[in-house]
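Participant: This is the structure, below, for whatever I ask next.
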Amino acid sequence: QCIQQKGLRIKGKTQMLIQVSAIENPQDLSITPEVVLLTVKSYDTEAACHHLRHLVGDDTMVVSLQNGLDNIEKIKQVMGQKHLIAGVTTLGVLFDEPGVITHTGIGTTQLGELDGAPSERLQNLIHVFNKAGLITQMSTDITGEIWRKAIINSSINPLTAFFGCQNGYLLENPVLEKTVEAICTESSIIAAHEGILVSPEEMIPRTKEVIQETALNSSSMLQSIQQGKRTEIDSINGALMRKGLGRNIDVSLNRILVELLTSFNSIK
């Protein structure tokens with residue numbers, strides 16, 4: 001309602017006020033869009049897909065720019081794989097109030113077909129994103145990139161949410177830095193057993209680099225806790241835990257984080 005009445009105001013690294021036609025119920029739409037961008041929380045993915053299914057035409061692309069490891073399967077089950085383009089982004093945003101957000105980090109977006117093909121529709125979509133000012137690249141291993149982001153998120157988000165700190169504090173506190181390394185190691189081992197070409201030696205420095213680059217940011221999980229909302233812990237650490245258990249791998253750290261955040265969320 002705020003966006004419909006006042007537009008969407010973006011502050012921070014991008015400054016603009018955009019007048020858009022916003023609706024609450026997709027059933028009110030009768031158009032057939034070329035692209036549907038899915039940016040909902042992972043626990044809302046399935047419901048969102050069912051609400052949007054009637055809009056999807058033969059050539060409509062459904063683009064997932066979400067956190068977590070279980071979104072792709074949920075979308076495929078409702079929409080079908082042929083419509084799906086998967087993506088990851090490091091764009092940083094803070095929610096200020098309804099209709100107002102702060103752009104905190106420029107970031108890069110990667111988009112890819114699930115089979116890694118450099119399709120014409122993918123190239124056209126990336127061109128549109130870049131033309132709009134969103135730094136976007138093609139990935140031929142988007143499944144791997146989704147896993148890598150999940151590993152990074154699993155090592156950062158729950159700790160910042162539980163301790164109520166910005167990302168940078170995880171490297172300022174020696175105990176938390178060691179904890180980040182341990183979580184990252186466990187998550188990387190789980191991913192490797194799932195056929196993803198990653199290792200702790202690659203992912204620990206990469207995770208620390210993300211922490212340094214986003215030192216002043218509040219993670220999405222911390223923002224959810226602060227707003228009294230449900231977190232995505234089940235789709236990140238929970239998904240990693242379930243994958244690891246299925247292969248008889250130690251998942252002690254991810255299990256503890258899931259239990260802590262689930263309990264923490266329930267008392268908020």
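Labeling convention for the structure tokens: chains A, B, ... as they appear, residues from 1 per chain, ligands from 1 in order of appearance.
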Looking only at strand (DSSP E or B) from DSSP on the backbone, list the matching residues of range 33-211 of chain A as an mmCIF file with C-alpha atoms, in the first residue's frame.

Facilitator:
```cif
data_model
loop_
_atom_site.group_PDB
_atom_site.id
_atom_site.type_symbol
_atom_site.label_atom_id
_atom_site.label_comp_id
_atom_site.auth_asym_id
_atom_site.auth_seq_id
_atom_site.Cartn_x
_atom_site.Cartn_y
_atom_site.Cartn_z
ATOM 1 C CA VAL A 35 10.120 -12.296 -16.529
ATOM 2 C CA VAL A 36 9.029 -13.074 -12.974
ATOM 3 C CA LEU A 37 11.640 -12.211 -10.327
ATOM 4 C CA LEU A 38 11.278 -14.329 -7.208
ATOM 5 C CA MET A 61 11.252 -16.820 -17.325
ATOM 6 C CA VAL A 62 11.002 -17.348 -13.565
ATOM 7 C CA VAL A 63 14.198 -15.988 -12.005
ATOM 8 C CA SER A 64 15.106 -17.021 -8.460
ATOM 9 C CA LEU A 65 17.345 -14.567 -6.583
ATOM 10 C CA LEU A 84 13.547 -21.466 -14.413
ATOM 11 C CA ILE A 85 16.621 -19.251 -14.372
ATOM 12 C CA ALA A 86 18.655 -19.513 -11.172
ATOM 13 C CA GLY A 87 20.688 -16.717 -9.659
ATOM 14 C CA VAL A 88 22.696 -15.434 -6.731
ATOM 15 C CA THR A 89 23.442 -11.860 -5.782
ATOM 16 C CA GLY A 92 23.306 -5.454 -0.056
ATOM 17 C CA VAL A 93 20.029 -3.875 1.094
ATOM 18 C CA LEU A 94 18.543 -2.817 4.434
ATOM 19 C CA PHE A 95 14.808 -2.578 5.014
ATOM 20 C CA ASP A 96 14.026 0.766 6.664
ATOM 21 C CA GLU A 97 10.250 0.912 6.588
ATOM 22 C CA VAL A 100 11.855 2.630 1.886
ATOM 23 C CA ILE A 101 15.103 0.636 1.575
ATOM 24 C CA THR A 102 18.798 1.486 1.844
ATOM 25 C CA HIS A 103 21.201 0.163 -0.790
ATOM 26 C CA THR A 104 24.282 -0.732 1.293
ATOM 27 C CA GLY A 105 26.438 -2.698 -1.146
ATOM 28 C CA THR A 109 24.553 -10.831 -9.621
ATOM 29 C CA GLN A 110 25.121 -14.141 -11.391
ATOM 30 C CA LEU A 111 22.445 -15.823 -13.488
ATOM 31 C CA GLY A 112 22.512 -19.216 -15.134
ATOM 32 C CA THR A 136 25.290 -9.115 -13.800
ATOM 33 C CA GLN A 137 27.361 -12.003 -15.136
ATOM 34 C CA MET A 138 26.584 -15.351 -16.724
#
```

Participant: Using only C-alpha atoms, determine which residues lie at most 12 Å from Lys6 in chain A, disregarding the query and same-chain residues fewer than 2 positions distant; provide the list as a list in words.

Facilitator: Gln1, Cys2, Ile3, Gln4, Leu8, Arg9, Leu17, Ile18, Gln19, Val20, Ser21, Ala22, Pro98, Gly99 and Val100 of chain A

Participant: Write the residues of the preceding selection, restricted to C-alpha atoms, as an mmCIF file, in the first residue's frame.

Facilitator:
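In the end it all went to again31.cif:
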```cif
data_model
loop_
_atom_site.group_PDB
_atom_site.id
_atom_site.type_symbol
_atom_site.label_atom_id
_atom_site.label_comp_id
_atom_site.auth_asym_id
_atom_site.auth_seq_id
_atom_site.Cartn_x
_atom_site.Cartn_y
_atom_site.Cartn_z
ATOM 1 C CA GLN A 1 0.000 0.000 0.000
ATOM 2 C CA CYS A 2 2.862 2.403 0.845
ATOM 3 C CA ILE A 3 4.572 1.659 -2.478
ATOM 4 C CA GLN A 4 1.320 2.116 -4.366
ATOM 5 C CA LEU A 8 9.574 2.954 -3.720
ATOM 6 C CA ARG A 9 12.312 5.138 -2.220
ATOM 7 C CA LEU A 17 12.193 7.395 -5.997
ATOM 8 C CA ILE A 18 10.392 5.009 -8.332
ATOM 9 C CA GLN A 19 6.697 5.208 -9.046
ATOM 10 C CA VAL A 20 5.450 1.671 -9.561
ATOM 11 C CA SER A 21 2.114 -0.052 -9.738
ATOM 12 C CA ALA A 22 2.125 -2.367 -6.720
ATOM 13 C CA PRO A 98 7.454 -0.016 4.169
ATOM 14 C CA GLY A 99 8.334 1.587 0.834
ATOM 15 C CA VAL A 100 11.855 2.630 1.886
#
```

Participant: Select, from A:Ile183, A:Leu134, A:Ala117, A:Ala239, the residue with the minimum atom-to-atom distance to Leu253 in chain A, counting only C-alpha atoms.

Facilitator: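 Under the stated criterion, the closest residue is A:Ile183.
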
Participant: How far is it from CA of Asp141 in chain A to CA of Lys76 in chain A, in Å with one decimal?

Facilitator: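 Taking CA of Asp141 in chain A as the start and CA of Lys76 in chain A as the end point, the length is 17.8 Å.
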
Participant: Return as a PyMOL selection string the full set of residues in range 28-172 of chain A whose backbone-based DSSP assignment is helix (DSSP H, G or I).

Facilitator: chain A and resi 28+42-55+71-79+81-83+120-131+142-163+169-172

Participant: Using only C-alpha atoms, which protein or nucleic acid residues come within 6 Å of range 196-200 of chain A? Drop anything in the same chain fewer than 5 positions from it, and give the result as a list in words.

Facilitator: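 Contacts, in chain order: Gly144, Thr185, Ser188 and Ala191 of chain A.
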
Participant: Nearest to Lys41 in chain A among A:Glu120, A:Glu172, A:Glu186, A:Asp234, with distances taken over only C-alpha atoms: which residue is it?

Facilitator: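 Under the stated criterion, the closest residue is A:Asp234.
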
Participant: Please identify all polymer residues within 8 Å of Cys165 in chain A, counting only C-alpha atoms, omitting same-chain residues fewer than 4 positions from it, and present them as a short mmCIF file (atom, residue, chain, number, x, y, z; two decimals) with C-alpha atoms, in the first residue's frame.

Facilitator:
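Contents of around-v1.cif, freshly written:
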```cif
data_model
loop_
_atom_site.label_atom_id
_atom_site.label_comp_id
_atom_site.auth_asym_id
_atom_site.auth_seq_id
_atom_site.Cartn_x
_atom_site.Cartn_y
_atom_site.Cartn_z
CA THR A 160 25.24 -12.36 13.47
CA ALA A 161 21.58 -13.09 14.16
CA TYR A 169 32.39 -8.22 14.31
CA SER A 218 23.41 -6.42 9.02
CA LEU A 222 19.74 -10.51 11.74
#
```

Participant: Using only C-alpha atoms, determine which residues lie at most 8 Å from Gly116 in chain A, disregarding the query and same-chain residues fewer than 2 positions distant; provide the list as a list in words.

Facilitator: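 Everything that qualifies: Gly112, Glu113, Leu114, Pro118, Ser139, Thr140, Asp141 and Ile142 of chain A.
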
Participant: Identify, on the basis of only C-alpha atoms, every residue whose closest approach to Val258 in chain A does not exceed 8 Å; exclude the query and any residue fewer than 5 positions from it along the same chain; express the result as a list in words.

Facilitator: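 So the residues in contact are Ile233, Asp234, Asn237 and Gly238 of chain A.
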
Participant: Please measure the separation of CA of Ile256 in chain A and CA of Ile236 in chain A, giving the value in Å to one decimal.

Facilitator: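 Here the two named atoms are 13.0 Å from each other.
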
Participant: So how far away is CA of Phe162 in chain A from CA of Trp147 in chain A, in Å?

Facilitator: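 Here the two named atoms are 22.5 Å from each other.
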
Participant: Which one is closest to Tyr43 in chain A: A:Glu194, A:Asp28, A:Glu202, A:Glu232? Count only C-alpha atoms.

Facilitator: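 Checking each of A:Glu194, A:Asp28, A:Glu202, A:Glu232 against Tyr43 in chain A, counting only C-alpha atoms, the winner is A:Glu232.
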
Participant: Which of these, A:Gln15, A:Ser252, A:Thr60, A:Ser263, has the shortest distance to Pro33 in chain A once you count only C-alpha atoms?

Facilitator: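 So, comparing all the options, the nearest one is A:Thr60.
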
Participant: So which one's closest to Glu209 in chain A, A:Ser187, A:Ser42, A:Thr179, A:Asn167? Using only C-alpha atoms, please.

Facilitator: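 Among A:Ser187, A:Ser42, A:Thr179, A:Asn167, it is A:Asn167 that comes nearest to Glu209 in chain A.
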